[in-house]
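In what follows, a structure is listed as structure tokens, so that the remarks can point back to it.
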Amino acid sequence: MRRPGTGSGRPETAVRQNDGAQASLQAEDLTLGFGEKAILSDVSASIQPGAVTALIGPTGSGKTTLLRTFNRMNDKVIGFRHGGDVLLGGRSIWHPAVELMALRRRVGMLFQRPNPFPMSILENVVAGPRAHKLARHNQLRAIAKDKLSEVGLWDAVSDRLSDSPFRLSGGQQQLLCLARALAVRPEVLLLDEPTSALDPISTAKVEELVSELKKDYTIAIVTHNMQQAARVSDYTAFLYLGELIEFDETSKIFTNPGKKATEDYITGRYG
């Protein structure tokens, strides 16, 4: 996987650099597999701050394996192996000095289906800041209000913070999980088909949030929805049979792809 549109070096398109809170993710000659089975081979990529990068491709193409590798969620899967490297802010995520808990604070993840913790709405949001000791006890409620407001959920839950999150709708649960991820102030957000289990209205809300959040976070999203990839992403990477077929600006991928395989996939001829 190469950097979009250039073959090497940074993307030609200017990327917003904010207050230093963001970090790029770079895969360097990355090979991933489980046991004898290779999932991805020789992937090189640069996912930059200030932009959303969509990972698309048929089921089994390696999208989610790649995404989960970015915060080492595959490490304890039996048989998982990797070659090459992933750099976060220029440093290997497998460096011996990198603590896994600290890495996952920097690289947050939102899953395909909402996964609230079995605790109150308030406690879901502040669980991370409490565990990482990012705030004093008397600051936790303010953090919850800030993050629930950021995802547009505060008005709906402000008078029921002690309620179970499982009483919320599916869309609200996913927004709660997003607020929980944001509460630890990550640099990177990994989104694994975050709207696949949601209704169209909730999907639109999450997509709107993604467009806003890229101002402050490096974002990579796996999606099977080609319209969604076209709407929310700045760059698109097309993976097929464990290889990166094409990686470029989304506008180019969807209007003038450089590879026939890419065109066939985005036009629905297979996948």
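Identifiers in this document derive from the order of the structure tokens: chains are assigned A, B, ..., residues are numbered from 1 separately in each chain, and ligands are numbered from 1 in order of occurrence.
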As a list of chain:residue names, please: every residue in stretch 95-178 of chain A that a backbone DSSP assignment puts in strand (DSSP E or B).
A:Val107, A:Gly108, A:Met109, A:Leu110
Report as a Markdown table the residues of stretch 110-171 of chain A within 10 Å of stretch 216-223 of chain A, each with its shortest atom pair and distance in Å (one decimal), using only C-alpha atoms, ordered by chain and increasing residue number.
| residue | atom | partner | partner_atom | distance |
| --- | --- | --- | --- | --- |
| A:Leu110 | CA | A:Ile221 | CA | 9.4 |
| A:Phe111 | CA | A:Val222 | CA | 9.9 |
| A:Gln112 | CA | A:Val222 | CA | 9.4 |
Which residue gives the smallest distance to A:Leu176 among A:Ser44, A:Ser251, A:Ser120, A:Ser196, with only C-alpha atoms counted?
A:Ser120
Do a neighbour search on A:Val157 at 9 Å with only C-alpha atoms, toss out local chain neighbours closer than 6 positions, and write the hits as an MDAnalysis selection string.
chainID A and resid 121 148 163 168
Create the file for the chosen residues now, containing C-alpha atoms and written as a PDB file, in the first residue's frame.
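Listed below is the output, result.pdb:
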ATOM      1  CA  ILE A 121     -24.020   5.887  30.956  1.00  0.00           C
ATOM      2  CA  LEU A 148     -21.455  13.464  25.223  1.00  0.00           C
ATOM      3  CA  ASP A 163     -29.274   4.647  33.695  1.00  0.00           C
ATOM      4  CA  LEU A 168     -30.532   3.484  24.731  1.00  0.00           C
TER       5      LEU A 168
END
Between stretch 21-129 of chain A and stretch 133-136 of chain A, at 10 Å or less, what are the per-residue closest atom pairs and their distances in Å? Count only C-alpha atoms, order by chain and rising residue number, and return it as a tab-separated table.
residue	atom	partner	partner_atom	distance
A:Val126	CA	A:Ala135	CA	9.4
A:Ala127	CA	A:Lys133	CA	9.8
A:Gly128	CA	A:Lys133	CA	8.2
A:Pro129	CA	A:Leu134	CA	4.9
Secondary structure check, alpha helix (DSSP H) residues of stretch 120-208 of chain A, as number ranges by chain:
A: 121-131, 140-150, 154-157, 170-182, 200-208
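Residues within 12 Å of A:His95, counting only C-alpha atoms and excluding same-chain residues fewer than 5 positions away, are Arg72, Asp85, Val86, Leu87, Leu88, Gly90, Leu100 and Leu103 of chain A.
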Next, dump the selected residues to file, keeping only C-alpha atoms, as a PDB file, in the first residue's frame.
ATOM      1  CA  ARG A  72      -2.337  -4.263  18.340  1.00  0.00           C
ATOM      2  CA  ASP A  85       6.390  -2.404  11.066  1.00  0.00           C
ATOM      3  CA  VAL A  86       3.724   0.134  12.006  1.00  0.00           C
ATOM      4  CA  LEU A  87       4.861   3.566  13.140  1.00  0.00           C
ATOM      5  CA  LEU A  88       2.768   5.897  15.262  1.00  0.00           C
ATOM      6  CA  GLY A  90       7.417   7.905  13.881  1.00  0.00           C
ATOM      7  CA  LEU A 100      -0.097  -1.696  25.298  1.00  0.00           C
ATOM      8  CA  LEU A 103      -0.915   2.656  22.925  1.00  0.00           C
TER       9      LEU A 103
END
Can you work out which one of A:Ile245, A:Leu190, A:Val52, A:Leu209 has the shortest atom-to-atom distance to A:Ser233, counting only C-alpha atoms?
A:Val52
Surrounding residues of A:Arg231 excluding itself and chain neighbours under 3 positions, 12 Å, only C-alpha atoms, as a ChimeraX atom specification:
/A:52-54,203-204,206-208,210-211,223,225-228,234-236,250-251,254
Produce a file of the selected residues containing N, CA and C atoms, as a PDB file, in the first residue's frame.
ATOM      1  N   VAL A  52      -9.604  11.692   6.541  1.00  0.00           N
ATOM      2  CA  VAL A  52     -10.201  10.377   6.772  1.00  0.00           C
ATOM      3  C   VAL A  52      -9.742   9.455   5.650  1.00  0.00           C
ATOM      4  N   THR A  53      -9.197   8.307   6.016  1.00  0.00           N
ATOM      5  CA  THR A  53      -8.790   7.300   5.038  1.00  0.00           C
ATOM      6  C   THR A  53      -9.734   6.120   5.140  1.00  0.00           C
ATOM      7  N   ALA A  54     -10.383   5.782   4.037  1.00  0.00           N
ATOM      8  CA  ALA A  54     -11.290   4.635   3.999  1.00  0.00           C
ATOM      9  C   ALA A  54     -10.557   3.411   3.482  1.00  0.00           C
ATOM     10  N   THR A 203     -26.874   6.571  11.050  1.00  0.00           N
ATOM     11  CA  THR A 203     -25.724   6.518  10.158  1.00  0.00           C
ATOM     12  C   THR A 203     -25.309   7.910   9.716  1.00  0.00           C
ATOM     13  N   ALA A 204     -26.297   8.721   9.339  1.00  0.00           N
ATOM     14  CA  ALA A 204     -26.002  10.090   8.906  1.00  0.00           C
ATOM     15  C   ALA A 204     -25.355  10.895  10.027  1.00  0.00           C
ATOM     16  N   VAL A 206     -23.488   9.709  12.544  1.00  0.00           N
ATOM     17  CA  VAL A 206     -22.106   9.263  12.726  1.00  0.00           C
ATOM     18  C   VAL A 206     -21.226   9.799  11.598  1.00  0.00           C
ATOM     19  N   GLU A 207     -21.711   9.775  10.369  1.00  0.00           N
ATOM     20  CA  GLU A 207     -20.925  10.289   9.248  1.00  0.00           C
ATOM     21  C   GLU A 207     -20.634  11.779   9.418  1.00  0.00           C
ATOM     22  N   GLU A 208     -21.633  12.521   9.883  1.00  0.00           N
ATOM     23  CA  GLU A 208     -21.434  13.948  10.130  1.00  0.00           C
ATOM     24  C   GLU A 208     -20.364  14.167  11.185  1.00  0.00           C
ATOM     25  N   VAL A 210     -17.886  12.125  11.923  1.00  0.00           N
ATOM     26  CA  VAL A 210     -16.582  11.755  11.370  1.00  0.00           C
ATOM     27  C   VAL A 210     -15.981  12.939  10.609  1.00  0.00           C
ATOM     28  N   SER A 211     -16.818  13.617   9.836  1.00  0.00           N
ATOM     29  CA  SER A 211     -16.341  14.766   9.067  1.00  0.00           C
ATOM     30  C   SER A 211     -15.851  15.884   9.975  1.00  0.00           C
ATOM     31  N   THR A 223     -15.173   0.259   5.657  1.00  0.00           N
ATOM     32  CA  THR A 223     -16.575   0.279   5.275  1.00  0.00           C
ATOM     33  C   THR A 223     -16.791  -0.571   4.026  1.00  0.00           C
ATOM     34  N   ASN A 225     -19.664   0.069   2.473  1.00  0.00           N
ATOM     35  CA  ASN A 225     -20.614   0.960   1.820  1.00  0.00           C
ATOM     36  C   ASN A 225     -19.851   1.949   0.945  1.00  0.00           C
ATOM     37  N   MET A 226     -19.920   1.752  -0.363  1.00  0.00           N
ATOM     38  CA  MET A 226     -19.157   2.602  -1.267  1.00  0.00           C
ATOM     39  C   MET A 226     -19.620   4.054  -1.210  1.00  0.00           C
ATOM     40  N   GLN A 227     -20.927   4.262  -1.046  1.00  0.00           N
ATOM     41  CA  GLN A 227     -21.434   5.628  -0.942  1.00  0.00           C
ATOM     42  C   GLN A 227     -20.882   6.300   0.311  1.00  0.00           C
ATOM     43  N   GLN A 228     -20.791   5.538   1.390  1.00  0.00           N
ATOM     44  CA  GLN A 228     -20.240   6.099   2.624  1.00  0.00           C
ATOM     45  C   GLN A 228     -18.773   6.460   2.444  1.00  0.00           C
ATOM     46  N   ASP A 234     -11.299  11.250   2.636  1.00  0.00           N
ATOM     47  CA  ASP A 234     -10.441  12.070   1.777  1.00  0.00           C
ATOM     48  C   ASP A 234      -9.553  11.188   0.906  1.00  0.00           C
ATOM     49  N   TYR A 235      -9.176  10.026   1.457  1.00  0.00           N
ATOM     50  CA  TYR A 235      -8.357   9.050   0.738  1.00  0.00           C
ATOM     51  C   TYR A 235      -9.013   7.686   0.856  1.00  0.00           C
ATOM     52  N   THR A 236      -8.810   6.868  -0.153  1.00  0.00           N
ATOM     53  CA  THR A 236      -9.375   5.522  -0.150  1.00  0.00           C
ATOM     54  C   THR A 236      -8.313   4.521  -0.560  1.00  0.00           C
ATOM     55  N   THR A 250      -9.867  10.042  -2.620  1.00  0.00           N
ATOM     56  CA  THR A 250     -11.174   9.401  -2.825  1.00  0.00           C
ATOM     57  C   THR A 250     -11.838   9.886  -4.106  1.00  0.00           C
ATOM     58  N   SER A 251     -11.742  11.165  -4.381  1.00  0.00           N
ATOM     59  CA  SER A 251     -12.379  11.699  -5.587  1.00  0.00           C
ATOM     60  C   SER A 251     -11.852  11.017  -6.841  1.00  0.00           C
ATOM     61  N   PHE A 254     -13.003   7.170  -7.076  1.00  0.00           N
ATOM     62  CA  PHE A 254     -14.402   6.954  -7.444  1.00  0.00           C
ATOM     63  C   PHE A 254     -14.786   7.555  -8.784  1.00  0.00           C
TER      64      PHE A 254
END
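When only C-alpha atoms are used to measure the gap to A:Ser164, the shortest distance among A:Gln48, A:Asn124, A:Ser149, A:Gln139 belongs to A:Asn124.
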Find, counting only C-alpha atoms, the residue in A:Arg180, A:Arg185, A:Lys37, A:Arg167 that gets nearest to A:Val125.
A:Arg180
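Take the candidates A:Ile47, A:Leu66, A:Leu32, A:Ile56 and check each one against A:Ala237 using only C-alpha atoms; the shortest distance goes to A:Ile56.
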If we count only C-alpha atoms and set the cut-off at 6 Å, which residues sit around A:Asn71, ignoring sequence neighbours fewer than 3 positions away in its own chain? Please answer as a count of residues only.
3
Minimum-distance residue to A:Glu150, chosen among A:Lys252, A:His82, A:Lys205, A:His224 (using only C-alpha atoms)
A:Lys205
